[in-house]
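Source file: work-v3.cif. Holds: mmCIF, C-alpha atoms and all ligand atoms.
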```cif
data_work
#
loop_
_atom_site.label_atom_id
_atom_site.label_comp_id
_atom_site.auth_asym_id
_atom_site.auth_seq_id
_atom_site.Cartn_x
_atom_site.Cartn_y
_atom_site.Cartn_z
CA MET A 2 104.29 45.28 -61.88
CA LEU A 3 101.41 46.44 -59.71
CA THR A 4 98.89 45.24 -62.31
CA LEU A 5 100.57 41.83 -62.26
CA MET A 6 100.41 41.73 -58.47
CA LYS A 7 96.74 42.71 -58.54
CA THR A 8 95.97 39.93 -61.00
CA ALA A 9 97.92 37.39 -58.94
CA ALA A 10 96.12 38.54 -55.78
CA LEU A 11 92.73 38.12 -57.48
CA VAL A 12 93.62 34.61 -58.66
CA LEU A 13 94.83 33.68 -55.15
CA GLN A 14 91.77 35.21 -53.52
CA ASN A 15 89.47 33.16 -55.75
CA ALA A 16 91.46 29.96 -55.23
CA ILE A 17 91.19 30.53 -51.45
CA ARG A 18 87.42 31.09 -51.77
CA LEU A 19 87.06 27.84 -53.69
CA LEU A 20 89.22 25.90 -51.23
CA GLY A 21 87.30 27.48 -48.35
CA VAL A 22 83.96 26.27 -49.71
CA ILE A 23 85.37 22.75 -50.23
CA LEU A 24 86.91 22.70 -46.72
CA ILE A 25 83.69 23.85 -45.06
CA ALA A 26 81.64 21.32 -47.06
CA LEU A 27 84.05 18.51 -46.09
CA GLY A 28 84.07 19.76 -42.49
CA ILE A 29 80.28 19.62 -42.31
CA MET A 30 80.41 16.05 -43.64
CA PHE A 31 82.91 15.10 -40.90
CA TRP A 32 80.81 16.85 -38.29
CA THR A 33 77.82 14.73 -39.27
CA GLY A 34 79.94 11.58 -39.26
CA HIS A 35 80.35 11.17 -43.03
CA SER A 36 83.35 10.72 -45.36
CA LEU A 37 85.83 10.51 -42.49
CA ASP A 38 88.29 8.86 -44.89
CA LEU A 39 88.60 12.29 -46.53
CA ILE A 40 90.05 13.95 -43.41
CA ARG A 41 93.55 13.65 -44.91
CA VAL A 42 92.37 15.34 -48.11
CA HIS A 43 90.78 18.09 -45.99
CA MET A 44 94.04 18.56 -44.08
CA ARG A 45 96.16 18.84 -47.24
CA LEU A 46 93.69 21.27 -48.83
CA GLY A 47 93.66 23.30 -45.61
CA GLU A 48 97.45 23.49 -45.72
CA VAL A 49 97.33 24.56 -49.36
CA LEU A 50 94.86 27.31 -48.40
CA VAL A 51 97.27 28.59 -45.75
CA LEU A 52 100.16 28.41 -48.23
CA LEU A 53 98.17 30.52 -50.71
CA LEU A 54 97.30 32.93 -47.89
CA TRP A 55 101.03 33.34 -47.21
CA VAL A 56 101.76 34.08 -50.87
CA LEU A 57 98.90 36.59 -50.87
CA ALA A 58 100.33 38.21 -47.73
CA GLY A 59 103.75 38.39 -49.45
CA ILE A 60 102.14 40.14 -52.43
CA GLY A 61 100.32 42.42 -50.00
CA MET A 62 103.60 43.41 -48.41
CA ARG A 63 105.15 44.23 -51.78
CA ALA A 64 102.03 46.15 -52.79
CA GLY A 65 102.40 48.40 -49.75
CA VAL A 66 99.95 46.83 -47.29
CA ARG A 67 100.90 47.60 -43.67
CA PRO A 68 103.76 45.18 -42.84
CA GLY A 69 102.17 44.41 -39.46
CA PHE A 70 98.98 43.25 -41.17
CA ALA A 71 100.89 41.08 -43.66
CA LEU A 72 103.09 39.57 -40.93
CA GLY A 73 100.07 39.04 -38.68
CA THR A 74 98.37 37.16 -41.50
CA ILE A 75 101.41 34.91 -41.92
CA VAL A 76 101.62 34.19 -38.17
CA TYR A 77 97.86 33.55 -38.06
CA GLY A 78 98.20 30.99 -40.88
CA LEU A 79 100.94 29.18 -39.00
CA PHE A 80 98.84 29.25 -35.84
CA ILE A 81 95.75 27.69 -37.43
CA VAL A 82 97.75 24.87 -39.01
CA MET A 83 99.44 24.11 -35.66
CA PHE A 84 96.07 24.24 -33.92
CA ALA A 85 94.41 22.01 -36.54
CA LEU A 86 97.23 19.45 -36.36
CA ARG A 87 96.90 19.25 -32.56
CA MET A 88 93.15 19.55 -32.21
CA GLY A 89 92.64 15.78 -32.10
CA GLY A 90 94.24 15.69 -28.65
CA LEU A 91 92.55 18.79 -27.24
CA LEU A 92 89.58 18.53 -24.84
CA ALA A 93 88.72 14.90 -25.56
CA GLY A 94 85.14 13.90 -24.87
CA GLY A 95 82.04 16.08 -25.02
CA ALA A 96 83.96 19.37 -24.80
CA HIS A 97 85.79 18.53 -28.04
CA VAL A 98 82.96 20.25 -29.87
CA ALA A 99 84.34 23.56 -28.53
CA ILE A 100 87.63 22.78 -30.29
CA GLN A 101 85.77 21.91 -33.48
CA ILE A 102 83.88 25.21 -33.39
CA LEU A 103 87.11 27.09 -32.74
CA HIS A 104 88.71 25.28 -35.67
CA LEU A 105 85.83 26.31 -37.93
CA LEU A 106 86.03 29.93 -36.71
CA PHE A 107 89.81 30.06 -37.18
CA GLY A 108 89.34 28.69 -40.71
CA LEU A 109 86.70 31.32 -41.46
CA GLY A 110 89.12 33.91 -40.06
CA ALA A 111 91.75 32.81 -42.58
CA ILE A 112 89.26 33.20 -45.42
CA GLY A 113 88.31 36.64 -44.06
CA LEU A 114 91.94 37.70 -43.95
CA ALA A 115 92.37 36.61 -47.58
CA GLU A 116 89.35 38.75 -48.50
CA SER A 117 90.74 41.73 -46.66
CA MET A 118 94.26 41.30 -48.07
CA GLY A 119 92.86 40.88 -51.59
CA ALA A 120 90.79 44.04 -51.24
CA LYS A 121 93.80 46.02 -49.96
CA VAL A 122 95.98 44.88 -52.87
CA LYS A 123 93.20 45.80 -55.29
CA ARG A 124 93.10 49.32 -53.79
CA ALA A 125 96.91 49.73 -53.68
CA ASN A 126 98.27 52.46 -55.93
CA GLY A 127 102.00 52.07 -55.98
C1 LIG B 1 91.62 26.96 -43.28
C2 LIG B 1 90.40 26.57 -43.50
C3 LIG B 1 89.72 25.40 -42.80
C4 LIG B 1 88.38 25.32 -42.59
C5 LIG B 1 87.31 26.36 -42.97
C6 LIG B 1 88.13 24.06 -41.91
C7 LIG B 1 86.88 23.62 -41.51
C8 LIG B 1 86.62 22.45 -40.84
C9 LIG B 1 85.35 22.05 -40.33
C10 LIG B 1 84.03 22.86 -40.45
C11 LIG B 1 85.51 20.83 -39.74
C12 LIG B 1 84.42 19.99 -39.05
C13 LIG B 1 84.21 20.42 -37.66
C14 LIG B 1 85.45 20.34 -36.85
O1 LIG B 1 85.93 19.24 -36.58
O2 LIG B 1 85.99 21.43 -36.52
C15 LIG B 1 86.90 20.45 -39.86
C16 LIG B 1 87.46 19.28 -39.37
C17 LIG B 1 88.82 18.97 -39.41
N1 LIG B 1 89.81 19.76 -39.94
FE1 LIG B 1 89.56 21.57 -40.83
N2 LIG B 1 89.33 23.40 -41.73
C18 LIG B 1 90.33 24.18 -42.25
C19 LIG B 1 91.69 23.89 -42.26
C20 LIG B 1 92.27 22.74 -41.73
C21 LIG B 1 93.69 22.47 -41.68
C22 LIG B 1 94.79 23.42 -42.18
C23 LIG B 1 93.84 21.23 -41.09
C24 LIG B 1 95.10 20.44 -40.78
C25 LIG B 1 96.26 20.64 -41.28
C26 LIG B 1 92.53 20.76 -40.75
C27 LIG B 1 92.27 19.56 -40.10
C28 LIG B 1 91.02 19.11 -39.72
C29 LIG B 1 90.78 17.84 -39.04
C30 LIG B 1 91.84 16.84 -38.61
C31 LIG B 1 89.39 17.76 -38.86
C32 LIG B 1 88.61 16.63 -38.20
C33 LIG B 1 88.53 16.90 -36.74
C34 LIG B 1 87.63 15.96 -35.99
O3 LIG B 1 86.41 16.12 -36.09
O4 LIG B 1 88.18 15.10 -35.31
N3 LIG B 1 91.60 21.69 -41.15
N4 LIG B 1 87.57 21.47 -40.53
#
```
Can the structure in the file be given as structure tokens, please?
Ligand code: HEM
Amino acid sequence: MLTLMKTAALVLQNAIRLLGVILIALGIMFWTGHSLDLIRVHMRLGEVLVLLLWVLAGIGMRAGVRPGFALGTIVYGLFIVMFALRMGGLLAGGAHVAIQILHLLFGLGAIGLAESMGAKVKRANG
């Protein structure tokens, strides 16, 4: 069972890495004013990333990762989606760039959490 969970965690971790690279690439395009028609695609892919992060956190919990860490990861995922969905209305004007940077950092944080969770599951021993 643990081997299966480790394999699933590795697959999820790699899927999150791939999605992360695509999201950052799309984000950089938006930042430079390109491909704005792909914002919806970016949003759906971002939501999928968070969904996969939740599944990974669930596996982490079953594999014996500290429950607080797994729950924190789930809450964090919810937070970044809520933030991303509202960011359009936050700090309109020149200061909006602060929101954009925060959004990027929060996204990187999600990818970091997936890395950490994946590593913990890999190290779990029953
Ligand atoms: C979780 C990984 C994610 C990463 C690494 C990421 C990264 C980025 C980056 C670098 C940008 C361009 C700069 C900026 O506007 O902040 C961007 C823009 C955007 N992202 Fe994300 N994102 C992620 C998830 C999401 C999610 C979950 C949503 C919504 C459900 C979302 C919605 C948006 C929107 C609407 C924009 C355009 C904002 C604007 O410039 O007006 N992103 N993202």
Expected selection as a PyMOL selection string for ligand LIG 1 (chain B) within 6 Å, all atoms listed in the file: chain A and resi 21+24-25+28-29+31-32+40+44+47-48+82+85-86+89+101-102+104-105+108-109+111
Counting all atoms listed in the file, what is within 7 Å of Ile75 in chain A, bar same-chain residues fewer than 3 positions away, as a ChimeraX atom specification? /A:55,58,71-72,78-79
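Close contacts of range 2-12 of chain A, defined as residues with an atom at most 6 Å away when counting only C-alpha atoms, with chain neighbours fewer than 6 positions off set aside, comprise Leu57, Gly119 and Lys123 of chain A.
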Considering all atoms listed in the file, return as a ChimeraX atom specification whatever protein or nucleic-acid residues lie within 7 Å of range 60-70 of chain A, sequence-local ones (same chain, fewer than 6 positions apart) excluded. /A:3,6,118,121-122,125,127
As a check of understanding: the span from CA of Val76 in chain A to CA of Val42 in chain A is 23.2 Å
